[in-house]
file my_file.tsv (TSV, C-alpha atoms and all ligand atoms)
chain	number	residue	atom	x	y	z
A	1	MET	CA	14.08	5.71	-16.15
A	2	TYR	CA	14.33	2.16	-14.92
A	3	TYR	CA	12.03	-0.03	-12.88
A	4	GLY	CA	14.49	-2.38	-11.23
A	5	ALA	CA	17.23	-3.58	-13.62
A	6	ALA	CA	20.04	-1.90	-11.62
A	7	THR	CA	22.31	-4.93	-11.92
A	8	THR	CA	22.31	-5.03	-15.69
A	9	GLU	CA	22.30	-1.26	-16.27
A	10	ALA	CA	24.82	-0.13	-13.62
A	11	PRO	CA	27.96	-0.30	-15.84
A	12	ALA	CA	26.29	2.11	-18.29
A	13	PHE	CA	26.39	4.76	-15.56
A	14	THR	CA	30.10	4.63	-14.77
A	15	ASP	CA	31.17	8.04	-13.37
A	16	ARG	CA	27.63	9.39	-13.71
A	17	THR	CA	25.01	10.55	-11.20
A	18	VAL	CA	22.01	8.31	-10.53
A	19	LEU	CA	18.93	8.61	-8.37
A	20	VAL	CA	17.37	5.65	-6.57
A	21	VAL	CA	13.77	6.09	-5.42
A	22	GLY	CA	12.61	4.02	-2.45
A	23	GLY	CA	13.74	2.90	0.98
A	24	GLY	CA	13.25	-0.87	0.86
A	25	ASN	CA	15.89	-3.59	0.60
A	26	SER	CA	15.66	-3.74	-3.19
A	27	ALA	CA	16.46	0.00	-3.33
A	28	GLY	CA	19.37	-0.46	-0.91
A	29	GLN	CA	20.82	-3.38	-2.85
A	30	ALA	CA	20.50	-1.45	-6.10
A	31	ALA	CA	22.21	1.61	-4.58
A	32	MET	CA	25.12	-0.54	-3.39
A	33	TYR	CA	25.49	-2.10	-6.80
A	34	LEU	CA	25.20	1.22	-8.66
A	35	ALA	CA	27.81	2.75	-6.33
A	36	ARG	CA	30.43	0.39	-7.77
A	37	TYR	CA	30.17	2.31	-11.05
A	38	ALA	CA	28.44	5.66	-10.61
A	39	LYS	CA	30.28	8.58	-9.03
A	40	ASP	CA	27.21	9.77	-7.13
A	41	VAL	CA	24.22	7.68	-6.03
A	42	GLN	CA	21.38	9.55	-4.32
A	43	ILE	CA	18.63	7.66	-2.50
A	44	VAL	CA	15.35	9.57	-2.26
A	45	VAL	CA	12.94	8.58	0.51
A	46	ARG	CA	9.88	10.26	1.94
A	47	ARG	CA	10.67	9.15	5.49
A	48	GLU	CA	13.34	10.74	7.64
A	49	SER	CA	15.56	7.65	7.58
A	50	LEU	CA	15.91	4.14	6.20
A	51	ARG	CA	15.24	2.55	9.58
A	52	GLY	CA	12.00	0.62	9.56
A	53	THR	CA	12.03	-0.06	5.81
A	54	MET	CA	15.55	-1.44	5.14
A	55	SER	CA	17.62	-4.16	6.82
A	56	GLN	CA	20.24	-2.90	9.26
A	57	TYR	CA	23.13	-4.60	7.42
A	58	LEU	CA	22.27	-2.67	4.25
A	59	ILE	CA	21.89	0.62	6.10
A	60	GLU	CA	25.38	0.09	7.54
A	61	GLN	CA	26.83	-0.75	4.13
A	62	ILE	CA	25.24	2.38	2.66
A	63	GLU	CA	26.58	4.55	5.49
A	64	LYS	CA	30.08	3.24	4.79
A	65	THR	CA	29.86	3.93	1.06
A	66	PRO	CA	31.09	7.48	0.42
A	67	ASN	CA	29.46	7.92	-2.99
A	68	ILE	CA	25.93	7.10	-1.73
A	69	ARG	CA	23.95	10.03	-0.37
A	70	LEU	CA	20.59	9.67	1.37
A	71	ARG	CA	18.02	12.37	0.66
A	72	PRO	CA	15.37	11.93	3.38
A	73	LEU	CA	12.01	13.71	3.65
A	74	THR	CA	12.07	14.10	-0.11
A	75	ASP	CA	9.63	13.35	-2.89
A	76	LEU	CA	10.47	12.89	-6.55
A	77	ALA	CA	8.08	15.43	-8.11
A	78	ARG	CA	9.18	15.45	-11.76
A	79	VAL	CA	11.64	13.85	-14.17
A	80	GLU	CA	12.80	16.05	-17.05
A	81	GLY	CA	14.84	15.52	-20.21
A	82	SER	CA	14.50	15.23	-23.96
A	83	ASP	CA	15.41	11.72	-25.14
A	84	HIS	CA	16.92	10.65	-21.81
A	85	VAL	CA	16.76	11.69	-18.17
A	86	GLU	CA	18.58	15.00	-17.62
A	87	ARG	CA	17.28	16.32	-14.34
A	88	VAL	CA	14.78	15.73	-11.56
A	89	VAL	CA	12.70	18.06	-9.45
A	90	LEU	CA	12.69	17.07	-5.79
A	91	THR	CA	10.24	18.42	-3.23
A	92	LEU	CA	11.14	18.46	0.44
A	93	THR	CA	8.53	18.07	3.15
A	94	ASP	CA	9.12	21.69	4.20
A	95	GLY	CA	7.97	22.74	0.73
A	96	ALA	CA	11.43	23.57	-0.67
A	97	THR	CA	12.19	22.44	-4.22
A	98	HIS	CA	15.54	21.26	-5.60
A	99	VAL	CA	16.47	20.69	-9.21
A	100	GLU	CA	19.23	18.08	-9.61
A	101	GLU	CA	21.14	17.09	-12.73
A	102	VAL	CA	21.03	13.28	-12.88
A	103	ASP	CA	21.74	10.74	-15.63
A	104	ALA	CA	19.26	8.05	-14.60
A	105	VAL	CA	16.43	7.31	-12.20
A	106	PHE	CA	15.94	3.81	-10.77
A	107	VAL	CA	12.49	3.34	-9.25
A	108	PHE	CA	12.05	0.83	-6.42
A	109	ILE	CA	8.58	1.67	-5.17
A	110	GLY	CA	5.09	0.57	-6.11
A	111	ALA	CA	4.52	-2.89	-4.68
A	112	ARG	CA	1.24	-2.14	-2.87
A	113	PRO	CA	-1.84	-3.99	-4.18
A	114	ARG	CA	-4.79	-1.90	-5.34
A	115	SER	CA	-7.55	-4.31	-4.45
A	116	ASP	CA	-9.89	-2.19	-2.29
A	117	TRP	CA	-12.46	-2.01	-5.06
A	118	LEU	CA	-12.99	-5.78	-5.17
A	119	PRO	CA	-16.23	-7.12	-3.66
A	120	ALA	CA	-16.06	-8.72	-0.19
A	121	GLY	CA	-16.58	-12.13	-1.82
A	122	VAL	CA	-13.02	-11.99	-3.21
A	123	LEU	CA	-10.91	-12.79	-0.16
A	124	ARG	CA	-7.71	-10.83	0.39
A	125	ASP	CA	-4.98	-11.26	2.99
A	126	ALA	CA	-4.13	-8.65	5.63
A	127	LYS	CA	-2.02	-6.71	3.11
A	128	GLY	CA	-4.72	-6.72	0.41
A	129	PHE	CA	-3.33	-9.49	-1.82
A	130	VAL	CA	-5.97	-11.76	-3.37
A	131	VAL	CA	-6.05	-15.30	-1.96
A	132	THR	CA	-6.33	-18.07	-4.57
A	133	GLY	CA	-6.45	-21.84	-5.07
A	134	ARG	CA	-4.92	-24.05	-2.38
A	135	ASP	CA	-4.44	-21.10	-0.03
A	136	LEU	CA	-8.20	-20.60	0.28
A	137	PRO	CA	-9.39	-23.65	2.30
A	138	PRO	CA	-7.09	-22.93	5.30
A	139	ASP	CA	-8.52	-19.38	5.48
A	140	ALA	CA	-11.15	-19.17	8.25
A	141	ARG	CA	-13.43	-17.02	6.04
A	142	TYR	CA	-13.43	-19.53	3.18
A	143	ALA	CA	-16.07	-21.90	4.61
A	144	ARG	CA	-18.53	-19.00	4.93
A	145	ILE	CA	-18.00	-17.74	1.39
A	146	TRP	CA	-17.29	-20.77	-0.82
A	147	LYS	CA	-20.56	-22.57	-1.66
A	148	GLU	CA	-19.34	-24.86	-4.49
A	149	ARG	CA	-19.09	-28.62	-3.97
A	150	ARG	CA	-15.61	-28.62	-5.46
A	151	GLU	CA	-12.40	-26.99	-4.21
A	152	PRO	CA	-11.20	-23.82	-5.96
A	153	LEU	CA	-9.11	-24.36	-9.08
A	154	ALA	CA	-5.51	-23.14	-9.05
A	155	LEU	CA	-5.45	-19.32	-9.29
A	156	GLU	CA	-9.23	-19.19	-8.73
A	157	THR	CA	-10.35	-16.67	-6.11
A	158	SER	CA	-13.08	-17.22	-3.51
A	159	ALA	CA	-15.55	-15.97	-6.14
A	160	PRO	CA	-16.13	-19.00	-8.43
A	161	GLY	CA	-14.96	-18.31	-11.98
A	162	VAL	CA	-12.93	-15.24	-10.98
A	163	PHE	CA	-9.17	-15.79	-11.25
A	164	ALA	CA	-6.14	-13.77	-10.19
A	165	ALA	CA	-2.71	-13.74	-11.80
A	166	GLY	CA	0.50	-11.84	-11.12
A	167	ASP	CA	1.52	-9.54	-8.31
A	168	ILE	CA	-2.01	-9.01	-7.02
A	169	ARG	CA	-2.09	-12.64	-5.89
A	170	ALA	CA	-1.10	-13.57	-2.33
A	171	GLY	CA	2.11	-15.59	-2.54
A	172	ALA	CA	3.03	-14.29	-6.00
A	173	MET	CA	6.67	-14.58	-7.11
A	174	ASN	CA	6.77	-10.88	-8.04
A	175	ARG	CA	8.52	-11.44	-11.33
A	176	VAL	CA	7.49	-10.45	-14.85
A	177	ALA	CA	7.96	-14.00	-16.10
A	178	SER	CA	5.75	-15.54	-13.40
A	179	ALA	CA	3.02	-12.90	-13.82
A	180	ALA	CA	2.89	-13.53	-17.57
A	181	GLY	CA	3.02	-17.30	-16.98
A	182	GLU	CA	0.13	-17.17	-14.52
A	183	GLY	CA	-1.85	-15.09	-17.00
A	184	SER	CA	-1.50	-17.81	-19.61
A	185	MET	CA	-2.28	-20.54	-17.05
A	186	VAL	CA	-5.54	-18.78	-16.18
A	187	VAL	CA	-6.74	-19.20	-19.78
A	188	ARG	CA	-6.67	-22.96	-19.29
A	189	PHE	CA	-8.35	-22.76	-15.88
A	190	VAL	CA	-11.13	-20.61	-17.33
A	191	HIS	CA	-11.79	-23.37	-19.89
A	192	GLU	CA	-11.80	-25.90	-17.04
A	193	TYR	CA	-14.24	-23.76	-15.09
A	194	LEU	CA	-16.55	-23.38	-18.09
A	195	ALA	CA	-16.51	-27.14	-18.60
A	196	LEU	CA	-17.64	-27.57	-14.98
A	197	THR	CA	-20.62	-25.25	-15.26
A	201	LIG	C1	10.41	-1.31	-8.46
A	201	LIG	C2	10.17	-2.67	-9.03
A	201	LIG	C3	11.19	-3.33	-9.69
A	201	LIG	C4	10.98	-4.60	-10.24
A	201	LIG	N1	11.99	-5.21	-10.90
A	201	LIG	C5	11.77	-6.41	-11.48
A	201	LIG	C6	12.78	-7.04	-12.23
A	201	LIG	O1	13.90	-6.54	-12.37
A	201	LIG	N2	12.49	-8.26	-12.80
A	201	LIG	C7	11.28	-8.84	-12.68
A	201	LIG	O2	11.04	-9.92	-13.23
A	201	LIG	N3	10.29	-8.25	-11.96
A	201	LIG	C8	10.52	-7.06	-11.36
A	201	LIG	N4	9.53	-6.45	-10.66
A	201	LIG	C9	8.25	-7.15	-10.49
A	201	LIG	C10	7.40	-7.01	-11.76
A	201	LIG	O3	7.30	-5.65	-12.13
A	201	LIG	C11	6.03	-7.58	-11.46
A	201	LIG	O4	6.17	-8.89	-10.96
A	201	LIG	C12	5.14	-7.60	-12.69
A	201	LIG	O5	5.05	-6.32	-13.28
A	201	LIG	C13	3.75	-8.08	-12.28
A	201	LIG	O6	2.89	-7.96	-13.38
A	201	LIG	P1	1.35	-7.80	-13.13
A	201	LIG	O7	0.73	-7.79	-14.49
A	201	LIG	O8	0.89	-8.80	-12.14
A	201	LIG	O9	1.16	-6.41	-12.40
A	201	LIG	P2	1.51	-4.95	-12.94
A	201	LIG	O10	2.68	-4.96	-13.85
A	201	LIG	O11	1.57	-4.11	-11.69
A	201	LIG	O12	0.25	-4.56	-13.81
A	201	LIG	C14	-1.00	-4.31	-13.23
A	201	LIG	C15	-1.69	-3.29	-14.12
A	201	LIG	O13	-3.05	-3.17	-13.70
A	201	LIG	C16	-3.39	-1.81	-13.69
A	201	LIG	N5	-4.53	-1.64	-12.78
A	201	LIG	C17	-4.52	-1.59	-11.43
A	201	LIG	N6	-5.76	-1.44	-10.96
A	201	LIG	C18	-6.57	-1.41	-12.04
A	201	LIG	C19	-7.98	-1.28	-12.22
A	201	LIG	N7	-8.81	-1.18	-11.17
A	201	LIG	N8	-8.47	-1.30	-13.46
A	201	LIG	C20	-7.64	-1.45	-14.54
A	201	LIG	N9	-6.31	-1.56	-14.43
A	201	LIG	C21	-5.79	-1.55	-13.20
A	201	LIG	C22	-2.15	-1.11	-13.25
A	201	LIG	O14	-2.16	0.24	-13.62
A	201	LIG	C23	-1.09	-1.90	-14.01
A	201	LIG	O15	-0.90	-1.40	-15.31
A	201	LIG	C24	9.72	-5.20	-10.11
A	201	LIG	C25	8.69	-4.53	-9.45
A	201	LIG	C26	8.91	-3.28	-8.90
A	201	LIG	C27	7.78	-2.56	-8.20

call {"tool": "encode", "arguments": {"input": "my_file.tsv", "output": "structure tokens", "more": "lines below"}}
Ligand SMILES: Cc1cc2nc3c(=O)[nH]c(=O)nc-3n(C[C@H](O)[C@H](O)[C@H](O)COP(=O)(O)OP(=O)(O)OC[C@H]3O[C@@H](n4cnc5c(N)ncnc54)[C@H](O)[C@@H]3O)c2cc1C
result
Amino acid sequence: MYYGAATTEAPAFTDRTVLVVGGGNSAGQAAMYLARYAKDVQIVVRRESLRGTMSQYLIEQIEKTPNIRLRPLTDLARVEGSDHVERVVLTLTDGATHVEEVDAVFVFIGARPRSDWLPAGVLRDAKGFVVTGRDLPPDARYARIWKERREPLALETSAPGVFAAGDIRAGAMNRVASAAGEGSMVVRFVHEYLALT
């Protein structure tokens, strides 16, 4: 099972069967790359096609690649195997179930923020990502919420003393290294905040 990492892992699946989960551009690019090595690349998506979630140029490339197969209206229900992936259970929207022998699963889903539980005082953008630091003052809601006489510190949310780091943050780089880096930066900003209070 892999989350991303198709570029580095693809050669390990030469002449094997791999499953790509997701219909976005990252899934499409991974499928194209994996198809250079694997004998069979299957893309599993819940929708009926890739239109609407993937760029047209990638869809065309995929259509022209004989060893990539799209499996629309399909959900990955289960991954089975002992010490490595051996098979997957796929559920179709009509309720049918397929068991497929595969050698690896590459997951390219899961980028939606889970921020609904946050109080209204922590501003989020239209997609639910938490707004921080310099991005707060231009936000029309900021003036109503922010009561401090100072501007928010970097990575500070609209709730003074509450910080956000990593993918949840609006404008995040969406990389492991930047998420970890922001986490360590926040430690310093918390000290700064405590010194202010
Ligand atoms: C398919 C995919 C492939 C990727 N490939 C790469 C790659 O190759 N290289 C790379 O650098 N980056 C890659 N990324 C991006 C990378 O995974 C993220 O940038 C990174 O994981 C962000 O770290 P994070 O700590 O901000 O968030 P996450 O790693 O998402 O961690 C957030 C954690 O918080 C938990 N959580 C959520 N809500 C709550 C709650 N209310 N209470 C307690 N816990 C909660 C979640 O369960 C999760 O464990 C990929 C992302 C995806 C989705």

call {"tool": "closest_residue", "arguments": {"input": "my_file.tsv", "among": "A:Tyr57, A:Tyr3, A:Phe106, A:Tyr37", "to": "ligand LIG 201 (chain A)", "atoms": "only C-alpha atoms and all ligand atoms"}}
result
A:Tyr3

call {"tool": "residues_near_ligand", "arguments": {"input": "my_file.tsv", "ligand": "ligand LIG 201 (chain A)", "cutoff": "12 Å", "atoms": "only C-alpha atoms and all ligand atoms", "output": "PyMOL selection string"}}
result
chain A and resi 1-9+20-30+105-118+129-130+164-184

call {"tool": "atom_distance", "arguments": {"input": "my_file.tsv", "atom1": "CA of Ala12 (chain A)", "atom2": "CA of Thr53 (chain A)"}}
result
28.1 Å

call {"tool": "residues_around", "arguments": {"input": "my_file.tsv", "residues": "Arg87 (chain A)", "least_positions_apart": "6", "cutoff": "9 Å", "atoms": "all atoms listed in the file", "output": "PyMOL selection string"}}
result
chain A and resi 78-81+99-104

call {"tool": "closest_residue", "arguments": {"input": "my_file.tsv", "among": "A:Val186, A:Glu86, A:Ala195, A:Pro137", "to": "Val18 (chain A)", "atoms": "only C-alpha atoms"}}
result
A:Glu86

call {"tool": "residues_around", "arguments": {"input": "my_file.tsv", "residues": "Trp146 (chain A)", "least_positions_apart": "5", "cutoff": "10 Å", "atoms": "all atoms listed in the file", "output": "PyMOL selection string"}}
result
chain A and resi 121+136-137+141+151-152+157-160

call {"tool": "atom_distance", "arguments": {"input": "my_file.tsv", "atom1": "CA of Thr97 (chain A)", "atom2": "CA of Ala10 (chain A)"}}
result
27.5 Å

call {"tool": "residues_near_point", "arguments": {"input": "my_file.tsv", "point": "(29.0, 0.0, -3.0)", "cutoff": "9 Å", "atoms": "only C-alpha atoms", "output": "VMD selection string"}}
result
chain A and resid 29 31 to 37 61 to 62 64 to 68

call {"tool": "atom_distance", "arguments": {"input": "my_file.tsv", "atom1": "CA of Tyr142 (chain A)", "atom2": "CA of Glu156 (chain A)"}}
result
12.6 Å

call {"tool": "closest_atom_pairs", "arguments": {"input": "my_file.tsv", "of": "region 108-171 of chain A", "to": "region 187-193 of chain A", "cutoff": "9 Å", "atoms": "only C-alpha atoms", "output": "Markdown table"}}
result
| residue | atom | partner | partner_atom | distance |
| --- | --- | --- | --- | --- |
| A:Leu153 | CA | A:Phe189 | CA | 7.0 |
| A:Ala154 | CA | A:Phe189 | CA | 7.4 |
| A:Leu155 | CA | A:Phe189 | CA | 8.0 |
| A:Glu156 | CA | A:Phe189 | CA | 8.0 |
| A:Pro160 | CA | A:Tyr193 | CA | 8.4 |
| A:Gly161 | CA | A:Tyr193 | CA | 6.3 |
| A:Val162 | CA | A:Val190 | CA | 8.5 |
| A:Phe163 | CA | A:Val190 | CA | 8.0 |

call {"tool": "residues_around", "arguments": {"input": "my_file.tsv", "residues": "Asp15 (chain A)", "least_positions_apart": "5", "cutoff": "9 Å", "atoms": "all atoms listed in the file", "output": "MDAnalysis selection string"}}
result
chainID A and resid 37:40

call {"tool": "build_atoms", "arguments": {"input": "my_file.tsv", "residues": "region 84-101 of chain A", "atoms": "N, CA and C atoms", "output": "PDB file, keeping the file's coordinate frame"}}
result
ATOM      1  N   HIS A  84      16.494  11.421 -22.979  1.00  0.00           N
ATOM      2  CA  HIS A  84      16.920  10.650 -21.810  1.00  0.00           C
ATOM      3  C   HIS A  84      16.779  11.540 -20.569  1.00  0.00           C
ATOM      4  N   VAL A  85      16.909  10.921 -19.404  1.00  0.00           N
ATOM      5  CA  VAL A  85      16.760  11.690 -18.170  1.00  0.00           C
ATOM      6  C   VAL A  85      17.901  12.703 -18.055  1.00  0.00           C
ATOM      7  N   GLU A  86      17.548  13.964 -17.780  1.00  0.00           N
ATOM      8  CA  GLU A  86      18.580  15.000 -17.620  1.00  0.00           C
ATOM      9  C   GLU A  86      18.567  15.602 -16.222  1.00  0.00           C
ATOM     10  N   ARG A  87      17.380  15.741 -15.677  1.00  0.00           N
ATOM     11  CA  ARG A  87      17.280  16.320 -14.340  1.00  0.00           C
ATOM     12  C   ARG A  87      15.990  15.883 -13.663  1.00  0.00           C
ATOM     13  N   VAL A  88      15.992  16.043 -12.322  1.00  0.00           N
ATOM     14  CA  VAL A  88      14.780  15.730 -11.560  1.00  0.00           C
ATOM     15  C   VAL A  88      14.422  16.927 -10.691  1.00  0.00           C
ATOM     16  N   VAL A  89      13.152  17.032 -10.389  1.00  0.00           N
ATOM     17  CA  VAL A  89      12.700  18.060  -9.450  1.00  0.00           C
ATOM     18  C   VAL A  89      12.304  17.326  -8.168  1.00  0.00           C
ATOM     19  N   LEU A  90      12.959  17.704  -7.072  1.00  0.00           N
ATOM     20  CA  LEU A  90      12.690  17.070  -5.790  1.00  0.00           C
ATOM     21  C   LEU A  90      11.974  18.056  -4.879  1.00  0.00           C
ATOM     22  N   THR A  91      10.958  17.554  -4.174  1.00  0.00           N
ATOM     23  CA  THR A  91      10.240  18.420  -3.230  1.00  0.00           C
ATOM     24  C   THR A  91      10.501  17.928  -1.824  1.00  0.00           C
ATOM     25  N   LEU A  92      10.905  18.833  -0.955  1.00  0.00           N
ATOM     26  CA  LEU A  92      11.140  18.460   0.440  1.00  0.00           C
ATOM     27  C   LEU A  92       9.857  18.655   1.242  1.00  0.00           C
ATOM     28  N   THR A  93       9.773  17.966   2.381  1.00  0.00           N
ATOM     29  CA  THR A  93       8.530  18.070   3.150  1.00  0.00           C
ATOM     30  C   THR A  93       8.273  19.496   3.653  1.00  0.00           C
ATOM     31  N   ASP A  94       9.342  20.306   3.773  1.00  0.00           N
ATOM     32  CA  ASP A  94       9.120  21.690   4.200  1.00  0.00           C
ATOM     33  C   ASP A  94       8.685  22.592   3.038  1.00  0.00           C
ATOM     34  N   GLY A  95       8.474  21.974   1.871  1.00  0.00           N
ATOM     35  CA  GLY A  95       7.970  22.740   0.730  1.00  0.00           C
ATOM     36  C   GLY A  95       9.056  23.198  -0.234  1.00  0.00           C
ATOM     37  N   ALA A  96      10.326  23.122   0.200  1.00  0.00           N
ATOM     38  CA  ALA A  96      11.430  23.570  -0.670  1.00  0.00           C
ATOM     39  C   ALA A  96      11.543  22.653  -1.894  1.00  0.00           C
ATOM     40  N   THR A  97      12.047  23.213  -2.984  1.00  0.00           N
ATOM     41  CA  THR A  97      12.190  22.440  -4.220  1.00  0.00           C
ATOM     42  C   THR A  97      13.646  22.485  -4.669  1.00  0.00           C
ATOM     43  N   HIS A  98      14.178  21.331  -5.087  1.00  0.00           N
ATOM     44  CA  HIS A  98      15.540  21.260  -5.600  1.00  0.00           C
ATOM     45  C   HIS A  98      15.521  20.699  -7.002  1.00  0.00           C
ATOM     46  N   VAL A  99      16.305  21.283  -7.879  1.00  0.00           N
ATOM     47  CA  VAL A  99      16.470  20.690  -9.210  1.00  0.00           C
ATOM     48  C   VAL A  99      17.865  20.074  -9.231  1.00  0.00           C
ATOM     49  N   GLU A 100      17.953  18.800  -9.598  1.00  0.00           N
ATOM     50  CA  GLU A 100      19.230  18.080  -9.610  1.00  0.00           C
ATOM     51  C   GLU A 100      19.508  17.536 -10.994  1.00  0.00           C
ATOM     52  N   GLU A 101      20.736  17.722 -11.460  1.00  0.00           N
ATOM     53  CA  GLU A 101      21.140  17.090 -12.730  1.00  0.00           C
ATOM     54  C   GLU A 101      21.445  15.627 -12.429  1.00  0.00           C
TER      55      GLU A 101
END
